[in-house]
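Participant: Before anything else, here's the structure in question.
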Amino acid sequence: MRSLFLAGFMGTGKSTIGPRAAARLGIPFVDTDEIIAHEAGVSIPELWQREGEAKFRDREAAVVRRYLDEAPHVVALGGGSLLLRNLRHAVLDRATVITLTADAPEILRRVGDVSTRPNLAGADPLERIRELLAAREGSYAECHAQLATDGFDADDVASAACAVVQRDPIVLPLGNRTYTVDVVNDAPEALTDAIARTAPSSLVIVTDTTVRRARGHVLDRALSHLAISRIDVTLPPGEDQKSITTAQTIWDAALGARVDRETLVVAFGGGVTSDLAGFAASTLLRGVRLITVPTTLLAMVDASVGGKTGFDHPAGKNLVGTIHQPRAVVIDVAHLSTLPVREMRAGLAEVVKIALVTSEALFQKLEVAGASLLDPKSPALLEVIRDAVTLKARIVRDDELEGGKRALLNLGHTVAHGLEAHTAYRKYLHGEAVALGLCAELEIMAERGFTPRELVDRTRRLLMALGLATHAPRDELRAAARFVMTDKKRRGATLAFPVVMALGSAEVRQVPLDLLDRP
Ligand code: NAD
């Protein structure tokens, strides 16, 4: 179990909820303000006055970091403890963070004597509370869940907090657009709850006919507990559906049903479905909410997280699209039980990619588990999916709009997109093209002395163990190079290209466009 850190403004109930949650979870409770005051031997207002806010924050950060290394605790934080981005993200990586909320007048009522609160000094404490809440809104939103405490019973809030700890979602902290990714096994209620949390006016369910046939009953079970009207847009399957025409089909169905701004689009399917449904959601009524429910391995580890949406154009793959983050992602590995093994292999190619650029440990896990990962029931697979999502989430958190390190996730994709476009999206599954692209791009960089030669061989061995091809025909590679001119990563005569320097460590370099001409 992870520790539970309770964040939020003063007076939101952290020290009321904390001991109750700790008792339920059977772990100790601590309050960082009490620890700081005890260690300094003076009260917090005195310390604040004596040392100033900056020094106080240093003390706070040291206590927070200490409890990250301890056995699980419930930790009530000071209201400003997680305002520093790096510290907040370190806590989000290692603990469950819940922000407690209450409205400004209720906070003022609970705080009582404002003279003991140095941060509320001034003529109008209510106005000051409002100012601070507005300034901190984005930081407070970066958490695993926000729970309102005004008007709610403290025991109910404590048990809701414990349920989040048990759920153990992965968080993608993006200010007010923060969302969580649940990874579950055969738990349709995870989707029911995720939809209920968004309280939508209606649902637009986007899926494809194959997924509808194979997994529709699970979706229906999840939705049967919700009294929300729905329309279903069930598309033909396949990459060749990724076009403006299909986006139009989704728009037409949704607008025909008179959806409003509170509608929720649910993308239930593979990466093609989430790319298209995400694009439709980002453009319908200038943007409505989206939940992605990936049913392929590739969509679980990659396409459903990070907000990239769009479709293909005759000039190349994914050339038109938007970035529109989902409100939640619900990964249920049980969906993989009906996925053909060829699709499982294709999904693992994206996991190998993520491991190559971010994590030696994940790469080693893949080597150890090998072909056992093709069994959807393998416990190692669930772990690998969680790892891959966590690593991708960290990259997106740091570079949502791909101004820098997010481009690392394009490793293998320059060649892959060229191969797919050249073969009219019919010969290779996306992940199969990625496996070929990984080998070709690592090879090019090994020839230039950047990527260690033994890593190219090791990657080929891993991909082969997972049942993936590692050598594309030369003529196809040459033809794929033509598509570099329309690659999104092109800037004038150069291309932003991920270069693996060592296993799990990569950097983006600007390389000349003719790089791929000589495979
Ligand atoms: P896909 O959506 O075409 O799904 C593959 C096939 O599996 C389809 O025929 C589908 O009907 C079927 N299927 C899906 N789930 C199933 C299940 N549980 N049981 C049985 N059959 C099932 O392809 P994909 O591989 O999931 O995704 C590839 C697409 O994702 C590409 O277009 C790629 O560009 C895109 N992608 C996007 C991102 C992103 O960040 N947006 C990242 C990676 C890939």
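In the structure tokens, each chain is lettered A, B, ... as it comes, each chain's residues begin at 1, and ligands are numbered from 1 in order of appearance.
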Under the rule of at most 8 Å, produce a per-residue listing of chain A near ligand 1: chain, number, name, the closest pair of atoms, and the distance in Å, as JSON lines, using only C-alpha atoms and all ligand atoms.
Facilitator:
```
{"residue": "A:Asp208", "atom": "CA", "partner": "ligand 1", "partner_atom_place_in_ligand_line": "11 (O)", "distance": 5.7}
{"residue": "A:Thr209", "atom": "CA", "partner": "ligand 1", "partner_atom_place_in_ligand_line": "11 (O)", "distance": 6.6}
{"residue": "A:Thr210", "atom": "CA", "partner": "ligand 1", "partner_atom_place_in_ligand_line": "11 (O)", "distance": 4.4}
{"residue": "A:Val211", "atom": "CA", "partner": "ligand 1", "partner_atom_place_in_ligand_line": "22 (C)", "distance": 5.0}
{"residue": "A:Ala214", "atom": "CA", "partner": "ligand 1", "partner_atom_place_in_ligand_line": "19 (N)", "distance": 5.4}
{"residue": "A:Arg215", "atom": "CA", "partner": "ligand 1", "partner_atom_place_in_ligand_line": "18 (N)", "distance": 6.2}
{"residue": "A:Pro236", "atom": "CA", "partner": "ligand 1", "partner_atom_place_in_ligand_line": "11 (O)", "distance": 7.9}
{"residue": "A:Pro237", "atom": "CA", "partner": "ligand 1", "partner_atom_place_in_ligand_line": "11 (O)", "distance": 4.7}
{"residue": "A:Gly238", "atom": "CA", "partner": "ligand 1", "partner_atom_place_in_ligand_line": "3 (O)", "distance": 4.5}
{"residue": "A:Glu239", "atom": "CA", "partner": "ligand 1", "partner_atom_place_in_ligand_line": "3 (O)", "distance": 5.3}
{"residue": "A:Lys242", "atom": "CA", "partner": "ligand 1", "partner_atom_place_in_ligand_line": "32 (O)", "distance": 6.9}
{"residue": "A:Gly269", "atom": "CA", "partner": "ligand 1", "partner_atom_place_in_ligand_line": "14 (C)", "distance": 5.2}
{"residue": "A:Gly270", "atom": "CA", "partner": "ligand 1", "partner_atom_place_in_ligand_line": "2 (O)", "distance": 3.2}
{"residue": "A:Gly271", "atom": "CA", "partner": "ligand 1", "partner_atom_place_in_ligand_line": "27 (O)", "distance": 3.2}
{"residue": "A:Val272", "atom": "CA", "partner": "ligand 1", "partner_atom_place_in_ligand_line": "2 (O)", "distance": 3.8}
{"residue": "A:Thr273", "atom": "CA", "partner": "ligand 1", "partner_atom_place_in_ligand_line": "2 (O)", "distance": 5.4}
{"residue": "A:Ser274", "atom": "CA", "partner": "ligand 1", "partner_atom_place_in_ligand_line": "41 (N)", "distance": 7.1}
{"residue": "A:Asp275", "atom": "CA", "partner": "ligand 1", "partner_atom_place_in_ligand_line": "41 (N)", "distance": 5.4}
{"residue": "A:Pro294", "atom": "CA", "partner": "ligand 1", "partner_atom_place_in_ligand_line": "15 (N)", "distance": 7.4}
{"residue": "A:Thr295", "atom": "CA", "partner": "ligand 1", "partner_atom_place_in_ligand_line": "15 (N)", "distance": 4.2}
{"residue": "A:Thr296", "atom": "CA", "partner": "ligand 1", "partner_atom_place_in_ligand_line": "15 (N)", "distance": 4.5}
{"residue": "A:Leu297", "atom": "CA", "partner": "ligand 1", "partner_atom_place_in_ligand_line": "26 (O)", "distance": 6.8}
{"residue": "A:Leu298", "atom": "CA", "partner": "ligand 1", "partner_atom_place_in_ligand_line": "26 (O)", "distance": 5.0}
{"residue": "A:Ala299", "atom": "CA", "partner": "ligand 1", "partner_atom_place_in_ligand_line": "26 (O)", "distance": 4.7}
{"residue": "A:Asp302", "atom": "CA", "partner": "ligand 1", "partner_atom_place_in_ligand_line": "42 (C)", "distance": 4.8}
{"residue": "A:Ala303", "atom": "CA", "partner": "ligand 1", "partner_atom_place_in_ligand_line": "38 (C)", "distance": 3.4}
{"residue": "A:Ser304", "atom": "CA", "partner": "ligand 1", "partner_atom_place_in_ligand_line": "41 (N)", "distance": 6.4}
{"residue": "A:Val305", "atom": "CA", "partner": "ligand 1", "partner_atom_place_in_ligand_line": "40 (O)", "distance": 6.5}
{"residue": "A:Gly306", "atom": "CA", "partner": "ligand 1", "partner_atom_place_in_ligand_line": "40 (O)", "distance": 6.0}
{"residue": "A:Gly307", "atom": "CA", "partner": "ligand 1", "partner_atom_place_in_ligand_line": "41 (N)", "distance": 6.5}
{"residue": "A:Lys308", "atom": "CA", "partner": "ligand 1", "partner_atom_place_in_ligand_line": "41 (N)", "distance": 4.2}
{"residue": "A:Thr309", "atom": "CA", "partner": "ligand 1", "partner_atom_place_in_ligand_line": "41 (N)", "distance": 5.1}
{"residue": "A:Gly310", "atom": "CA", "partner": "ligand 1", "partner_atom_place_in_ligand_line": "41 (N)", "distance": 7.4}
{"residue": "A:Phe311", "atom": "CA", "partner": "ligand 1", "partner_atom_place_in_ligand_line": "32 (O)", "distance": 7.5}
{"residue": "A:Asp312", "atom": "CA", "partner": "ligand 1", "partner_atom_place_in_ligand_line": "32 (O)", "distance": 8.0}
{"residue": "A:Lys317", "atom": "CA", "partner": "ligand 1", "partner_atom_place_in_ligand_line": "34 (O)", "distance": 7.1}
{"residue": "A:Asn318", "atom": "CA", "partner": "ligand 1", "partner_atom_place_in_ligand_line": "34 (O)", "distance": 6.4}
{"residue": "A:His335", "atom": "CA", "partner": "ligand 1", "partner_atom_place_in_ligand_line": "18 (N)", "distance": 4.5}
{"residue": "A:Leu336", "atom": "CA", "partner": "ligand 1", "partner_atom_place_in_ligand_line": "18 (N)", "distance": 4.9}
{"residue": "A:Ser337", "atom": "CA", "partner": "ligand 1", "partner_atom_place_in_ligand_line": "18 (N)", "distance": 6.7}
{"residue": "A:Thr338", "atom": "CA", "partner": "ligand 1", "partner_atom_place_in_ligand_line": "19 (N)", "distance": 4.1}
{"residue": "A:Leu339", "atom": "CA", "partner": "ligand 1", "partner_atom_place_in_ligand_line": "19 (N)", "distance": 3.7}
{"residue": "A:Pro340", "atom": "CA", "partner": "ligand 1", "partner_atom_place_in_ligand_line": "20 (C)", "distance": 6.3}
{"residue": "A:Glu343", "atom": "CA", "partner": "ligand 1", "partner_atom_place_in_ligand_line": "5 (C)", "distance": 6.4}
{"residue": "A:Ala346", "atom": "CA", "partner": "ligand 1", "partner_atom_place_in_ligand_line": "25 (O)", "distance": 6.7}
{"residue": "A:Gly347", "atom": "CA", "partner": "ligand 1", "partner_atom_place_in_ligand_line": "25 (O)", "distance": 6.6}
{"residue": "A:Glu350", "atom": "CA", "partner": "ligand 1", "partner_atom_place_in_ligand_line": "43 (C)", "distance": 7.6}
{"residue": "A:Leu429", "atom": "CA", "partner": "ligand 1", "partner_atom_place_in_ligand_line": "25 (O)", "distance": 6.6}
{"residue": "A:His430", "atom": "CA", "partner": "ligand 1", "partner_atom_place_in_ligand_line": "28 (C)", "distance": 5.4}
{"residue": "A:Gly431", "atom": "CA", "partner": "ligand 1", "partner_atom_place_in_ligand_line": "25 (O)", "distance": 6.4}
```
Participant: Near Ala62 of chain A, counting only C-alpha atoms, which residues have an atom at most 10 Å away, once you skip same-chain residues fewer than 5 positions from it, shown as a PyMOL selection string?
Facilitator: chain A and resi 32+36+57+67+87
Participant: Going by DSSP on the backbone, which residues of segment 281-481 of chain A come out as strand (DSSP E)? List them as JSON, numbers by chain.
Facilitator: {"A": [289, 290, 291, 292, 293, 294, 311, 312, 313, 316, 317, 318, 319, 320, 328, 329, 330, 331, 332]}
Participant: Given only C-alpha atoms as the basis, pick out the residue of A:Glu383, A:Glu420, A:Asp232, A:Asp182 nearest to Val293 of chain A.
Facilitator: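 Of A:Glu383, A:Glu420, A:Asp232, A:Asp182, the one nearest Val293 of chain A, counting only C-alpha atoms, is A:Asp182.
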Participant: As number ranges by chain, please: the residues near segment 170-173 of chain A (cut-off 9 Å, only C-alpha atoms, same-chain neighbours under 2 positions excluded).
Facilitator: A: 89, 92-93, 139, 141-144, 168, 175-183, 305-306, 386, 389-390, 393-394, 396-397
Participant: For Thr16 of chain A, which residue out of A:Glu53, A:Glu70, A:Asp155, A:Glu34 is the nearest one, using only C-alpha atoms?
Facilitator: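 Closest candidate: A:Asp155.
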Participant: From the options A:Ala161, A:Leu503, A:Val511, A:Leu147, which residue's atoms come nearest to Arg458 of chain A, counting only C-alpha atoms?
Facilitator: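 Using only C-alpha atoms, Arg458 of chain A sits closest to A:Leu503.
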Participant: Report as a list in words all protein, DNA and RNA residues lying within 12 Å of Leu120 of chain A, evaluated on only C-alpha atoms, omitting residues in the same chain fewer than 5 positions from it.
Facilitator: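 The residues that qualify are Phe9, Met10, Pro45, Gly79, Ile107, Leu108, Val111, Gly112, Asp113, Val114, Ser115, Pro125, Leu126, Glu127, Arg128, Ile129, Arg130, Glu131, Leu132 and Leu133 of chain A.
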Participant: How would the residues just chosen look if you wrote them out with C-alpha atoms as a tab-separated table (two decimals), in the first residue's frame?
Facilitator:
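New file selection04.tsv:
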```tsv
chain	number	residue	atom	x	y	z
A	9	PHE	CA	-6.08	24.66	1.86
A	10	MET	CA	-6.15	25.26	5.62
A	45	PRO	CA	2.98	31.25	13.65
A	79	GLY	CA	-1.84	24.12	2.91
A	107	ILE	CA	-12.94	27.68	5.33
A	108	LEU	CA	-13.11	31.02	7.13
A	111	VAL	CA	-10.36	28.58	10.71
A	112	GLY	CA	-11.99	30.82	13.34
A	113	ASP	CA	-9.31	33.06	14.84
A	114	VAL	CA	-7.35	34.30	11.78
A	115	SER	CA	-4.72	35.99	13.95
A	125	PRO	CA	-9.43	37.40	5.33
A	126	LEU	CA	-12.27	36.04	3.13
A	127	GLU	CA	-10.91	37.88	0.11
A	128	ARG	CA	-7.40	36.62	0.96
A	129	ILE	CA	-8.68	33.02	1.12
A	130	ARG	CA	-10.33	33.46	-2.29
A	131	GLU	CA	-7.11	34.93	-3.72
A	132	LEU	CA	-4.98	32.08	-2.40
A	133	LEU	CA	-7.46	29.42	-3.57
```
Participant: For the structure I just gave you, how does DSSP split segment 135-361 of chain A - specifically, which residues are helix (DSSP H, G or I)? Reply as a PyMOL selection string.
Facilitator: chain A and resi 135-141+154-167+189-198+209-223+239-241+244-256+271-286+297-303+333-338+341-358+360-361
Participant: Which is closer to Gly321 of chain A than all the others in A:Ile231, A:Val384, A:Leu477, A:Ala280, using only C-alpha atoms?
Facilitator: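 Among the listed residues, A:Ala280 lies closest to Gly321 of chain A.
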Participant: How many Å lie between atom CA of Leu203 of chain A and atom CA of Ser282 of chain A, rounded to one decimal?
Facilitator: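 Atom CA of Ser282 of chain A lies at a distance of 14.8 Å from atom CA of Leu203 of chain A.
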